[in-house]
$ cat work_15.csv   # CSV, C-alpha atoms (C1' of nucleotides)
chain,number,residue,atom,x,y,z
A,1,MET,CA,89.9,10.7,-21.2
A,2,ASP,CA,87.1,8.4,-22.3
A,3,THR,CA,83.6,9.3,-21.3
A,4,GLU,CA,83.0,5.9,-19.8
A,5,THR,CA,86.4,4.5,-19.1
A,6,PRO,CA,85.1,0.9,-19.4
A,7,TRP,CA,86.9,-1.8,-17.5
A,8,LEU,CA,88.5,-4.7,-19.3
A,9,SER,CA,86.2,-7.4,-20.5
A,10,GLU,CA,85.9,-10.5,-18.4
A,11,ARG,CA,88.1,-12.5,-20.8
A,12,ARG,CA,90.8,-9.9,-21.1
A,13,GLN,CA,90.8,-9.4,-17.4
A,14,HIS,CA,91.4,-13.1,-16.9
A,15,ILE,CA,94.2,-13.2,-19.4
A,16,TRP,CA,95.7,-10.0,-17.9
A,17,ARG,CA,95.7,-11.4,-14.4
A,18,ASN,CA,97.3,-14.7,-15.4
A,19,TRP,CA,99.8,-12.9,-17.5
A,20,LEU,CA,100.8,-10.8,-14.6
A,21,ARG,CA,101.0,-13.8,-12.4
A,22,MET,CA,103.2,-15.7,-14.8
A,23,ASN,CA,105.3,-12.6,-15.1
A,24,THR,CA,106.1,-12.7,-11.4
A,25,GLU,CA,106.3,-16.4,-10.8
A,26,LEU,CA,108.3,-17.5,-13.8
A,27,PRO,CA,111.3,-15.4,-13.0
A,28,ALA,CA,111.0,-16.4,-9.4
A,29,ALA,CA,111.1,-20.0,-10.3
A,30,LEU,CA,114.0,-19.6,-12.6
A,31,HIS,CA,115.8,-17.7,-9.9
A,32,ARG,CA,115.2,-20.4,-7.3
A,33,ARG,CA,116.4,-23.2,-9.6
A,34,LEU,CA,119.4,-21.3,-10.7
A,35,ARG,CA,120.4,-20.6,-7.1
A,36,ALA,CA,119.8,-24.2,-6.3
A,37,ASP,CA,122.0,-25.4,-9.1
A,38,SER,CA,124.7,-22.8,-8.8
A,39,ASP,CA,126.0,-19.8,-6.8
A,40,LEU,CA,124.6,-17.3,-9.3
A,41,SER,CA,121.6,-15.1,-9.3
A,42,LEU,CA,119.6,-14.5,-12.4
A,43,SER,CA,121.2,-11.1,-12.7
A,44,ASP,CA,124.7,-12.6,-12.3
A,45,TYR,CA,123.8,-15.0,-15.1
A,46,ASP,CA,122.7,-12.2,-17.4
A,47,VAL,CA,125.9,-10.3,-16.8
A,48,LEU,CA,128.1,-13.3,-17.4
A,49,VAL,CA,126.2,-14.2,-20.6
A,50,GLN,CA,127.0,-10.8,-22.0
A,51,LEU,CA,130.6,-11.3,-21.2
A,52,THR,CA,131.0,-14.7,-22.7
A,53,ASP,CA,129.2,-13.5,-25.8
A,54,THR,CA,132.2,-11.3,-26.6
A,55,ALA,CA,135.5,-12.6,-27.9
A,56,GLU,CA,137.7,-10.9,-25.4
A,57,ALA,CA,135.3,-11.6,-22.4
A,58,ARG,CA,135.8,-7.9,-21.7
A,59,VAL,CA,133.2,-5.2,-22.2
A,60,ARG,CA,133.0,-1.5,-21.5
A,61,VAL,CA,130.6,-0.7,-18.6
A,62,LEU,CA,128.3,1.5,-20.7
A,63,ASP,CA,128.1,-1.1,-23.5
A,64,LEU,CA,127.2,-3.7,-20.9
A,65,ALA,CA,124.6,-1.5,-19.5
A,66,ARG,CA,123.0,-0.9,-22.9
A,67,ALA,CA,123.1,-4.6,-23.8
A,68,LEU,CA,121.4,-5.5,-20.5
A,69,ARG,CA,119.2,-2.5,-20.6
A,70,TRP,CA,120.2,-1.7,-17.1
A,71,GLU,CA,120.8,1.7,-15.6
A,72,ARG,CA,124.5,2.6,-15.2
A,73,SER,CA,124.2,2.8,-11.5
A,74,ARG,CA,122.5,-0.5,-11.2
A,75,LEU,CA,125.3,-2.1,-13.2
A,76,SER,CA,127.9,-0.4,-11.2
A,77,HIS,CA,126.5,-1.6,-7.9
A,78,HIS,CA,126.1,-5.1,-9.3
A,79,ILE,CA,129.6,-5.3,-10.7
A,80,ARG,CA,131.0,-4.2,-7.4
A,81,ARG,CA,129.3,-7.1,-5.7
A,82,MET,CA,130.3,-9.6,-8.4
A,83,GLU,CA,133.8,-8.3,-8.2
A,84,GLY,CA,133.8,-9.1,-4.5
A,85,ARG,CA,132.8,-12.7,-5.3
A,86,GLY,CA,135.6,-13.0,-7.9
A,87,LEU,CA,133.3,-13.4,-10.9
A,88,VAL,CA,134.5,-10.4,-12.7
A,89,ARG,CA,137.0,-7.6,-12.3
A,90,ARG,CA,137.4,-4.1,-13.5
A,91,GLU,CA,140.2,-2.9,-15.7
A,92,ASP,CA,141.2,0.6,-16.9
A,93,VAL,CA,140.7,1.5,-20.5
A,94,PRO,CA,144.0,2.5,-22.1
A,95,GLY,CA,142.8,5.3,-24.3
A,96,ASP,CA,140.2,6.8,-22.1
A,97,GLY,CA,140.9,7.7,-18.5
A,98,ARG,CA,137.2,7.7,-17.6
A,99,GLY,CA,136.3,4.4,-18.9
A,100,ALA,CA,136.3,0.9,-17.3
A,101,TYR,CA,136.2,-2.6,-18.7
A,102,VAL,CA,134.4,-5.4,-17.0
A,103,VAL,CA,136.4,-8.5,-17.4
A,104,LEU,CA,135.3,-12.1,-17.0
A,105,THR,CA,137.6,-14.0,-14.5
A,106,ALA,CA,138.4,-17.6,-14.8
A,107,HIS,CA,136.2,-18.2,-11.8
A,108,GLY,CA,133.4,-16.3,-13.5
A,109,ARG,CA,133.8,-18.4,-16.7
A,110,ALA,CA,133.8,-21.6,-14.7
A,111,ALA,CA,130.6,-20.5,-12.9
A,112,ILE,CA,128.5,-19.8,-15.9
A,113,GLU,CA,129.8,-22.8,-17.8
A,114,GLN,CA,128.7,-24.9,-14.9
A,115,ALA,CA,125.4,-23.2,-14.5
A,116,ALA,CA,124.2,-22.8,-18.1
A,117,PRO,CA,123.1,-26.3,-19.0
A,118,ALA,CA,120.8,-26.7,-16.1
A,119,HIS,CA,119.4,-23.2,-16.6
A,120,VAL,CA,118.7,-23.8,-20.3
A,121,ARG,CA,117.0,-27.1,-19.3
A,122,THR,CA,114.9,-25.3,-16.8
A,123,VAL,CA,113.7,-22.7,-19.4
A,124,ARG,CA,112.8,-25.5,-21.8
A,125,ASP,CA,111.1,-27.5,-19.1
A,126,LEU,CA,109.0,-24.6,-17.8
A,127,VAL,CA,108.3,-22.8,-21.0
A,128,PHE,CA,109.0,-24.3,-24.3
A,129,ASP,CA,107.9,-27.8,-23.5
A,130,SER,CA,104.5,-26.4,-22.3
A,131,VAL,CA,103.4,-24.5,-25.4
A,132,ASP,CA,102.8,-26.0,-28.8
A,133,ALA,CA,104.2,-24.5,-32.1
A,134,ASP,CA,101.1,-22.4,-33.0
A,135,GLU,CA,100.9,-20.9,-29.6
A,136,LEU,CA,104.6,-20.2,-29.6
A,137,THR,CA,104.3,-18.3,-32.9
A,138,ALA,CA,101.4,-16.2,-31.7
A,139,LEU,CA,103.2,-15.6,-28.4
A,140,GLY,CA,106.3,-14.4,-30.2
A,141,ALA,CA,104.2,-12.1,-32.4
A,142,ALA,CA,102.4,-10.7,-29.4
A,143,VAL,CA,105.6,-10.1,-27.5
A,144,ASP,CA,107.1,-8.3,-30.5
A,145,LYS,CA,104.1,-6.1,-30.9
A,146,VAL,CA,103.9,-5.1,-27.2
A,147,LEU,CA,107.6,-4.4,-27.2
A,148,ALA,CA,107.2,-2.2,-30.3
A,149,ARG,CA,104.3,-0.4,-28.7
A,150,LEU,CA,106.3,0.0,-25.5
A,151,GLU,CA,109.2,1.6,-27.2
A,152,ALA,CA,107.0,3.9,-29.3
A,153,ALA,CA,105.2,5.0,-26.2
A,154,GLU,CA,108.2,5.5,-23.9
A,155,ARG,CA,110.6,7.0,-26.4
A,156,PRO,CA,109.3,10.6,-26.4
A,157,ALA,CA,109.1,10.6,-22.6
B,158,MET,CA,121.2,-34.6,-17.8
B,159,ASP,CA,121.1,-34.6,-21.6
B,160,THR,CA,124.1,-36.0,-23.4
B,161,GLU,CA,124.4,-32.8,-25.4
B,162,THR,CA,122.4,-30.2,-23.5
B,163,PRO,CA,121.7,-28.3,-26.7
B,164,TRP,CA,121.1,-24.6,-26.5
B,165,LEU,CA,117.8,-23.2,-27.5
B,166,SER,CA,117.1,-22.8,-31.2
B,167,GLU,CA,117.8,-19.4,-32.8
B,168,ARG,CA,114.1,-18.7,-33.0
B,169,ARG,CA,113.3,-19.8,-29.5
B,170,GLN,CA,116.2,-17.8,-28.2
B,171,HIS,CA,114.8,-14.7,-29.9
B,172,ILE,CA,111.4,-15.2,-28.5
B,173,TRP,CA,112.8,-16.0,-25.1
B,174,ARG,CA,114.9,-12.8,-25.0
B,175,ASN,CA,112.1,-10.6,-26.1
B,176,TRP,CA,109.8,-12.2,-23.7
B,177,LEU,CA,112.2,-11.5,-20.9
B,178,ARG,CA,112.6,-8.0,-22.0
B,179,MET,CA,108.9,-7.4,-22.1
B,180,ASN,CA,108.6,-8.9,-18.7
B,181,THR,CA,110.9,-6.3,-17.2
B,182,GLU,CA,109.9,-3.3,-19.3
B,183,LEU,CA,106.1,-3.6,-19.3
B,184,PRO,CA,105.8,-3.6,-15.5
B,185,ALA,CA,108.3,-0.8,-15.3
B,186,ALA,CA,106.3,1.3,-17.8
B,187,LEU,CA,103.0,0.6,-15.9
B,188,HIS,CA,104.7,1.6,-12.7
B,189,ARG,CA,106.0,4.8,-14.1
B,190,ARG,CA,102.7,5.8,-15.6
B,191,LEU,CA,100.8,4.9,-12.4
B,192,ARG,CA,103.2,7.0,-10.4
B,193,ALA,CA,102.9,9.9,-12.8
B,194,ASP,CA,99.1,9.8,-12.6
B,195,SER,CA,98.7,9.1,-8.9
B,196,ASP,CA,100.6,8.6,-5.6
B,197,LEU,CA,100.4,4.9,-5.8
B,198,SER,CA,102.9,2.2,-6.6
B,199,LEU,CA,102.0,-0.9,-8.6
B,200,SER,CA,102.1,-2.8,-5.4
B,201,ASP,CA,99.8,-0.3,-3.6
B,202,TYR,CA,97.4,-0.6,-6.5
B,203,ASP,CA,97.3,-4.4,-6.2
B,204,VAL,CA,96.6,-4.2,-2.5
B,205,LEU,CA,93.9,-1.7,-2.9
B,206,VAL,CA,92.2,-3.7,-5.7
B,207,GLN,CA,92.0,-6.6,-3.4
B,208,LEU,CA,90.4,-4.5,-0.7
B,209,THR,CA,87.9,-2.9,-3.0
B,210,ASP,CA,86.9,-6.3,-4.3
B,211,THR,CA,85.4,-7.2,-1.0
B,212,ALA,CA,82.1,-5.9,0.3
B,213,GLU,CA,83.5,-4.8,3.7
B,214,ALA,CA,86.7,-3.4,2.3
B,215,ARG,CA,88.4,-5.4,5.1
B,216,VAL,CA,90.4,-8.5,4.6
B,217,ARG,CA,92.4,-10.8,6.9
B,218,VAL,CA,96.1,-10.4,6.4
B,219,LEU,CA,96.6,-14.1,5.5
B,220,ASP,CA,93.8,-14.0,3.0
B,221,LEU,CA,95.2,-10.9,1.4
B,222,ALA,CA,98.6,-12.5,1.2
B,223,ARG,CA,97.1,-15.6,-0.5
B,224,ALA,CA,95.1,-13.5,-2.9
B,225,LEU,CA,98.1,-11.4,-3.9
B,226,ARG,CA,100.4,-14.5,-3.8
B,227,TRP,CA,102.8,-12.5,-1.6
B,228,GLU,CA,104.8,-13.7,1.4
B,229,ARG,CA,103.2,-12.8,4.7
B,230,SER,CA,106.3,-10.8,5.7
B,231,ARG,CA,106.3,-8.8,2.5
B,232,LEU,CA,102.7,-7.9,3.0
B,233,SER,CA,103.3,-7.0,6.6
B,234,HIS,CA,106.1,-4.6,5.6
B,235,HIS,CA,104.0,-3.1,2.8
B,236,ILE,CA,100.9,-2.7,5.0
B,237,ARG,CA,103.0,-0.8,7.5
B,238,ARG,CA,104.2,1.6,4.9
B,239,MET,CA,100.7,2.0,3.4
B,240,GLU,CA,99.3,2.5,6.9
B,241,GLY,CA,101.9,5.3,7.4
B,242,ARG,CA,100.5,7.0,4.3
B,243,GLY,CA,96.9,6.6,5.5
B,244,LEU,CA,95.8,4.3,2.7
B,245,VAL,CA,94.8,1.4,4.9
B,246,ARG,CA,94.7,0.7,8.7
B,247,ARG,CA,95.0,-2.4,10.8
B,248,GLU,CA,92.2,-3.6,13.0
B,249,ASP,CA,92.0,-6.4,15.5
B,250,VAL,CA,89.9,-9.4,14.8
B,251,PRO,CA,87.2,-9.9,17.4
B,252,GLY,CA,87.2,-13.7,17.6
B,253,ASP,CA,90.9,-14.3,17.1
B,254,GLY,CA,93.5,-12.5,19.2
B,255,ARG,CA,96.3,-13.3,16.7
B,256,GLY,CA,94.6,-12.1,13.6
B,257,ALA,CA,94.5,-8.7,12.0
B,258,TYR,CA,92.3,-7.1,9.4
B,259,VAL,CA,93.6,-4.7,6.8
B,260,VAL,CA,91.0,-2.1,6.3
B,261,LEU,CA,90.6,0.3,3.4
B,262,THR,CA,90.5,4.0,4.6
B,263,ALA,CA,88.5,6.7,2.9
B,264,HIS,CA,91.8,8.1,1.7
B,265,GLY,CA,92.7,4.7,0.3
B,266,ARG,CA,89.4,4.4,-1.5
B,267,ALA,CA,89.7,7.9,-3.0
B,268,ALA,CA,93.2,7.1,-4.1
B,269,ILE,CA,92.4,4.0,-6.1
B,270,GLU,CA,89.2,5.4,-7.5
B,271,GLN,CA,91.2,8.3,-8.8
B,272,ALA,CA,94.0,6.1,-10.2
B,273,ALA,CA,92.1,3.2,-11.7
B,274,PRO,CA,90.7,4.7,-14.9
B,275,ALA,CA,94.1,5.9,-16.1
B,276,HIS,CA,95.7,2.6,-15.2
B,277,VAL,CA,93.2,0.6,-17.1
B,278,ARG,CA,93.6,2.8,-20.1
B,279,THR,CA,97.4,2.3,-19.9
B,280,VAL,CA,97.0,-1.4,-19.9
B,281,ARG,CA,94.7,-1.3,-22.9
B,282,ASP,CA,97.0,1.1,-24.6
B,283,LEU,CA,100.2,-0.8,-24.1
B,284,VAL,CA,98.9,-4.4,-24.4
B,285,PHE,CA,95.5,-5.1,-25.7
B,286,ASP,CA,95.4,-2.5,-28.4
B,287,SER,CA,98.7,-4.0,-29.7
B,288,VAL,CA,97.7,-7.6,-30.2
B,289,ASP,CA,94.9,-8.9,-32.4
B,290,ALA,CA,92.3,-11.4,-31.4
B,291,ASP,CA,94.1,-14.6,-32.6
B,292,GLU,CA,97.2,-13.6,-30.9
B,293,LEU,CA,95.4,-12.8,-27.7
B,294,THR,CA,93.8,-16.2,-27.7
B,295,ALA,CA,97.1,-18.0,-28.2
B,296,LEU,CA,98.7,-15.8,-25.7
B,297,GLY,CA,96.1,-16.6,-23.1
B,298,ALA,CA,96.5,-20.3,-23.9
B,299,ALA,CA,100.2,-20.2,-23.6
B,300,VAL,CA,100.1,-18.3,-20.3
B,301,ASP,CA,97.6,-20.8,-18.9
B,302,LYS,CA,99.9,-23.7,-19.9
B,303,VAL,CA,103.0,-22.2,-18.5
B,304,LEU,CA,101.3,-21.4,-15.3
B,305,ALA,CA,100.0,-24.9,-15.0
B,306,ARG,CA,103.4,-26.3,-15.6
B,307,LEU,CA,104.9,-23.9,-13.1
B,308,GLU,CA,102.5,-25.0,-10.4
B,309,ALA,CA,103.0,-28.6,-11.1
B,310,ALA,CA,106.8,-28.2,-11.0
B,311,GLU,CA,106.9,-26.0,-7.9
B,312,ARG,CA,104.3,-27.7,-5.9
B,313,PRO,CA,106.3,-30.7,-4.6
B,314,ALA,CA,109.2,-28.5,-3.8
C,315,DC,C1',144.0,27.1,-25.4
C,316,DA,C1',140.7,28.4,-21.9
C,317,DG,C1',136.6,27.6,-20.3
C,318,DA,C1',131.9,25.1,-20.8
C,319,DA,C1',129.4,21.2,-21.8
C,320,DA,C1',129.2,16.5,-22.5
C,321,DT,C1',130.6,11.7,-21.3
C,322,DG,C1',131.8,7.6,-18.4
C,323,DG,C1',131.4,6.0,-14.2
C,324,DT,C1',130.7,5.8,-9.1
C,325,DT,C1',128.5,6.7,-4.6
C,326,DG,C1',124.9,7.3,-0.9
C,327,DA,C1',120.4,7.2,0.6
C,328,DC,C1',116.2,5.1,0.5
C,329,DG,C1',112.2,1.9,-0.5
C,330,DC,C1',111.4,-2.8,-1.5
C,331,DG,C1',111.5,-8.2,-1.1
C,332,DT,C1',113.3,-12.2,1.2
C,333,DC,C1',114.9,-15.0,4.8
C,334,DA,C1',115.1,-16.4,9.4
C,335,DC,C1',113.4,-15.8,13.5
C,336,DA,C1',110.5,-14.2,17.3
C,337,DC,C1',106.1,-14.0,19.5
C,338,DA,C1',101.5,-14.4,20.8
C,339,DT,C1',97.4,-16.9,20.5
C,340,DC,C1',94.6,-20.8,19.5
C,341,DC,C1',93.6,-25.7,19.2
C,342,DC,C1',94.0,-30.4,20.4
C,343,DC,C1',94.5,-34.3,23.1
C,344,DC,C1',95.7,-36.8,27.1
D,345,DG,C1',92.9,-28.0,32.0
D,346,DG,C1',97.7,-28.0,31.0
D,347,DG,C1',101.3,-28.7,27.9
D,348,DG,C1',102.6,-29.1,22.9
D,349,DG,C1',102.2,-28.2,18.4
D,350,DA,C1',100.0,-25.4,14.9
D,351,DT,C1',98.5,-20.9,13.3
D,352,DG,C1',98.6,-15.8,12.4
D,353,DT,C1',101.5,-12.0,12.4
D,354,DG,C1',105.4,-8.9,13.1
D,355,DT,C1',110.5,-7.7,13.1
D,356,DG,C1',115.5,-7.2,11.8
D,357,DA,C1',119.1,-7.8,8.8
D,358,DC,C1',120.6,-8.0,4.3
D,359,DG,C1',120.9,-7.8,-0.9
D,360,DC,C1',118.9,-5.4,-4.7
D,361,DG,C1',117.1,-1.3,-7.8
D,362,DT,C1',116.3,3.7,-8.3
D,363,DC,C1',117.1,8.3,-7.9
D,364,DA,C1',119.9,12.3,-7.4
D,365,DA,C1',124.1,14.0,-6.9
D,366,DC,C1',128.9,13.7,-7.7
D,367,DC,C1',133.7,13.4,-9.7
D,368,DA,C1',137.0,12.9,-13.3
D,369,DT,C1',138.0,13.1,-17.9
D,370,DT,C1',137.2,14.3,-22.6
D,371,DT,C1',135.4,17.1,-26.2
D,372,DC,C1',133.6,21.0,-28.1
D,373,DT,C1',133.6,26.0,-29.1
D,374,DG,C1',135.1,30.4,-29.4

$ encode --input "work_15.csv" --output "structure tokens"
Amino acid sequence: MDTETPWLSERRQHIWRNWLRMNTELPAALHRRLRADSDLSLSDYDVLVQLTDTAEARVRVLDLARALRWERSRLSHHIRRMEGRGLVRREDVPGDGRGAYVVLTAHGRAAIEQAAPAHVRTVRDLVFDSVDADELTALGAAVDKVLARLEAAERPA
Amino acid sequence: MDTETPWLSERRQHIWRNWLRMNTELPAALHRRLRADSDLSLSDYDVLVQLTDTAEARVRVLDLARALRWERSRLSHHIRRMEGRGLVRREDVPGDGRGAYVVLTAHGRAAIEQAAPAHVRTVRDLVFDSVDADELTALGAAVDKVLARLEAAERPA
DNA sequence: CAGAAATGGTTGACGCGTCACACATCCCCC
DNA sequence: GGGGGATGTGTGACGCGTCAACCATTTCTG
């Protein structure tokens, strides 16, 4: 506990507020555009990306949760909903009676292949086209450092 | 539509993924710590900050929504819950029969005054202590540009 | 090989955010 | 001054994320 607990400087406060604002509005904008261009939510998209990244288009639930950094239960709920829309399906794991695969369906593959180009364009349009090379480098470094700090701080908890 | 619709470069993809990850984990960490140190959620905190920023500790609902960049209905729901916990209360607006003030209660003031120092420390600990001056400058610039692009892109919609 | 503990996954309840709509009040203009 | 639209706010339904508990299976340990 500091003796004074000073507030953030004017400048830091400004950066911090804008940072927070971008943090809420950028995903919201990406989400809106993705929904406008496809029938996928941002979460659906993330799940499908993970599935298409693997050769078999088939991933164990826990591996998927780890890759997405989602809680198991969140993933389970989401998979159930995606299954209902025919984007993925569950399959038993031969060797392990507890396990379950999440498998990309043909419909799911078609959905992400149709959605991906516009989404990538949106990301480039809203983010990468806005910042120049130096800023991007600094941004990447800052992000890496904050992430490292986050992991160090939250690990022992 | 591009003829090729190229994916993002390896480097950009890396930055982008880490950016997204930080975007989800930093607020989550802030939220956890705030909850651990107080009875406030991050949203509660934001609302209370807006109220303490005004001399009268009393703000019109619509002004509050604009300041927070929240939807009116979201704010309405949230105020109802906060009212139930005694953090704020609603008051009629004398001149305008439709309007409503959101007023900070003594309990609400006590809550944020108790929570703020630790929260500010958390922000400094997790963010500002991690990045050096140059990176912070670039980060601020990048955030400003993305925000400007976002507003330009979403305005006509 | 019998428990006990760990692992993989699901479920239910609850708070939150969004969307569409409802509703009252105010303002304007004829 | 009496509609008609605009403005300010609240509500209900629904999808999502979290938390705690649960169940089935596997693995460990004696």

$ residues_near_point --input "work_15.csv" --point "(106.9, -18.2, -10.3)" --cutoff "10 Å" --atoms "all atoms listed in the file" --output "PyMOL selection string"
(chain A and resi 21-32) or (chain B and resi 226+303-304+307-308+311)

$ interface_residues --input "work_15.csv" --of "chain B" --to "chain D" --cutoff "10 Å" --atoms "all atoms listed in the file" --output "ChimeraX atom specification"
/B:217-219,229-230,233-234,253-257

$ closest_residue --input "work_15.csv" --among "A:Asp44, A:Glu10, A:Asp144, A:Asp37" --to "chain B" --atoms "all atoms listed in the file"
A:Asp144

$ atom_distance --input "work_15.csv" --atom1 "CA of Leu126 in chain A" --atom2 "CA of Arg174 in chain B"
15.0 Å

$ closest_atom_pairs --input "work_15.csv" --of "chain C" --to "chain B" --cutoff "9 Å" --atoms "all atoms listed in the file" --output "Markdown table"
| residue | atom | partner | partner_atom | distance |
| --- | --- | --- | --- | --- |
| C:DC330 | C1' | B:His235 | CA | 8.6 |
| C:DG331 | C1' | B:Arg231 | CA | 6.4 |
| C:DT332 | C1' | B:Arg231 | CA | 7.9 |
| C:DA338 | C1' | B:Arg255 | CA | 6.7 |
| C:DT339 | C1' | B:Arg255 | CA | 5.3 |
| C:DC340 | C1' | B:Asp253 | CA | 7.9 |

$ write_last_selection --input "work_15.csv" --atoms "C-alpha atoms (C1' of nucleotides)" --output "PDB file, in the frame of the given file"
ATOM      1  C1'  DC C 330     111.400  -2.800  -1.500  1.00  0.00           C
ATOM      2  C1'  DG C 331     111.500  -8.200  -1.100  1.00  0.00           C
ATOM      3  C1'  DT C 332     113.300 -12.200   1.200  1.00  0.00           C
ATOM      4  C1'  DA C 338     101.500 -14.400  20.800  1.00  0.00           C
ATOM      5  C1'  DT C 339      97.400 -16.900  20.500  1.00  0.00           C
ATOM      6  C1'  DC C 340      94.600 -20.800  19.500  1.00  0.00           C
TER       7       DC C 340
END

$ closest_atom_pairs --input "work_15.csv" --of "chain A" --to "chain B" --cutoff "9 Å" --atoms "all atoms listed in the file" --output "Markdown table"
| residue | atom | partner | partner_atom | distance |
| --- | --- | --- | --- | --- |
| A:Met1 | CA | B:Ala275 | CA | 8.2 |
| A:Asp2 | CA | B:Arg278 | CA | 8.9 |
| A:Thr5 | CA | B:Pro274 | CA | 6.0 |
| A:Pro6 | CA | B:Pro274 | CA | 8.1 |
| A:Trp7 | CA | B:Val277 | CA | 6.8 |
| A:Leu8 | CA | B:Val277 | CA | 7.4 |
| A:Arg12 | CA | B:Phe285 | CA | 8.1 |
| A:His14 | CA | B:Gly297 | CA | 8.5 |
| A:Ile15 | CA | B:Gly297 | CA | 5.4 |
| A:Trp16 | CA | B:Gly297 | CA | 8.4 |
| A:Asn18 | CA | B:Val300 | CA | 6.7 |
| A:Trp19 | CA | B:Val300 | CA | 6.1 |
| A:Leu20 | CA | B:Pro184 | CA | 8.8 |
| A:Arg21 | CA | B:Leu304 | CA | 8.1 |
| A:Met22 | CA | B:Leu304 | CA | 6.0 |
| A:Asn23 | CA | B:Asn180 | CA | 6.1 |
| A:Thr24 | CA | B:Asn180 | CA | 8.6 |
| A:Glu25 | CA | B:Leu307 | CA | 8.0 |
| A:Leu26 | CA | B:Leu307 | CA | 7.3 |
| A:Pro27 | CA | B:Leu177 | CA | 8.9 |
| A:Ala29 | CA | B:Glu311 | CA | 7.7 |
| A:Arg69 | CA | B:Arg178 | CA | 8.7 |
| A:Pro117 | CA | B:Thr162 | CA | 6.0 |
| A:Ala118 | CA | B:Met158 | CA | 8.1 |
| A:Val120 | CA | B:Trp164 | CA | 6.7 |
| A:Arg121 | CA | B:Thr162 | CA | 7.5 |
| A:Val123 | CA | B:Trp173 | CA | 8.8 |
| A:Arg124 | CA | B:Leu165 | CA | 7.9 |
| A:Asp125 | CA | B:Arg306 | CA | 8.5 |
| A:Leu126 | CA | B:Arg306 | CA | 6.3 |
| A:Val127 | CA | B:Val303 | CA | 5.9 |
| A:Phe128 | CA | B:Arg169 | CA | 8.1 |
| A:Asp129 | CA | B:Val303 | CA | 9.0 |
| A:Ser130 | CA | B:Lys302 | CA | 5.8 |
| A:Val131 | CA | B:Ala299 | CA | 5.7 |
| A:Asp132 | CA | B:Ala299 | CA | 8.2 |
| A:Asp134 | CA | B:Ala295 | CA | 7.6 |
| A:Glu135 | CA | B:Ala295 | CA | 5.0 |
| A:Leu136 | CA | B:Ala299 | CA | 7.4 |
| A:Thr137 | CA | B:Ala295 | CA | 8.6 |
| A:Ala138 | CA | B:Glu292 | CA | 5.0 |
| A:Leu139 | CA | B:Leu296 | CA | 5.3 |
| A:Gly140 | CA | B:Ile172 | CA | 5.4 |
| A:Ala141 | CA | B:Glu292 | CA | 7.3 |
| A:Ala142 | CA | B:Val288 | CA | 5.7 |
| A:Val143 | CA | B:Trp176 | CA | 6.0 |
| A:Asp144 | CA | B:Asn175 | CA | 7.0 |
| A:Lys145 | CA | B:Ser287 | CA | 5.9 |
| A:Val146 | CA | B:Val284 | CA | 5.8 |
| A:Leu147 | CA | B:Met179 | CA | 6.1 |
| A:Ala148 | CA | B:Ser287 | CA | 8.7 |
| A:Arg149 | CA | B:Leu283 | CA | 6.2 |
| A:Leu150 | CA | B:Leu283 | CA | 6.3 |
| A:Ala153 | CA | B:Leu283 | CA | 7.9 |
| A:Glu154 | CA | B:Ala186 | CA | 7.6 |

$ residues_near_point --input "work_15.csv" --point "(130.1, -12.6, -24.6)" --cutoff "12 Å" --atoms "only C-alpha atoms (C1' of nucleotides)" --output "list in words"
Tyr45, Asp46, Val47, Leu48, Val49, Gln50, Leu51, Thr52, Asp53, Thr54, Ala55, Glu56, Ala57, Arg58, Val59, Arg60, Asp63, Leu64, Ala67, Leu68, Val102, Val103, Leu104, Arg109 and Ile112 of chain A

$ atom_distance --input "work_15.csv" --atom1 "CA of Leu199 in chain B" --atom2 "CA of Leu42 in chain A"
22.6 Å

$ atom_distance --input "work_15.csv" --atom1 "CA of His276 in chain B" --atom2 "C1' of DC328 in chain C"
25.9 Å
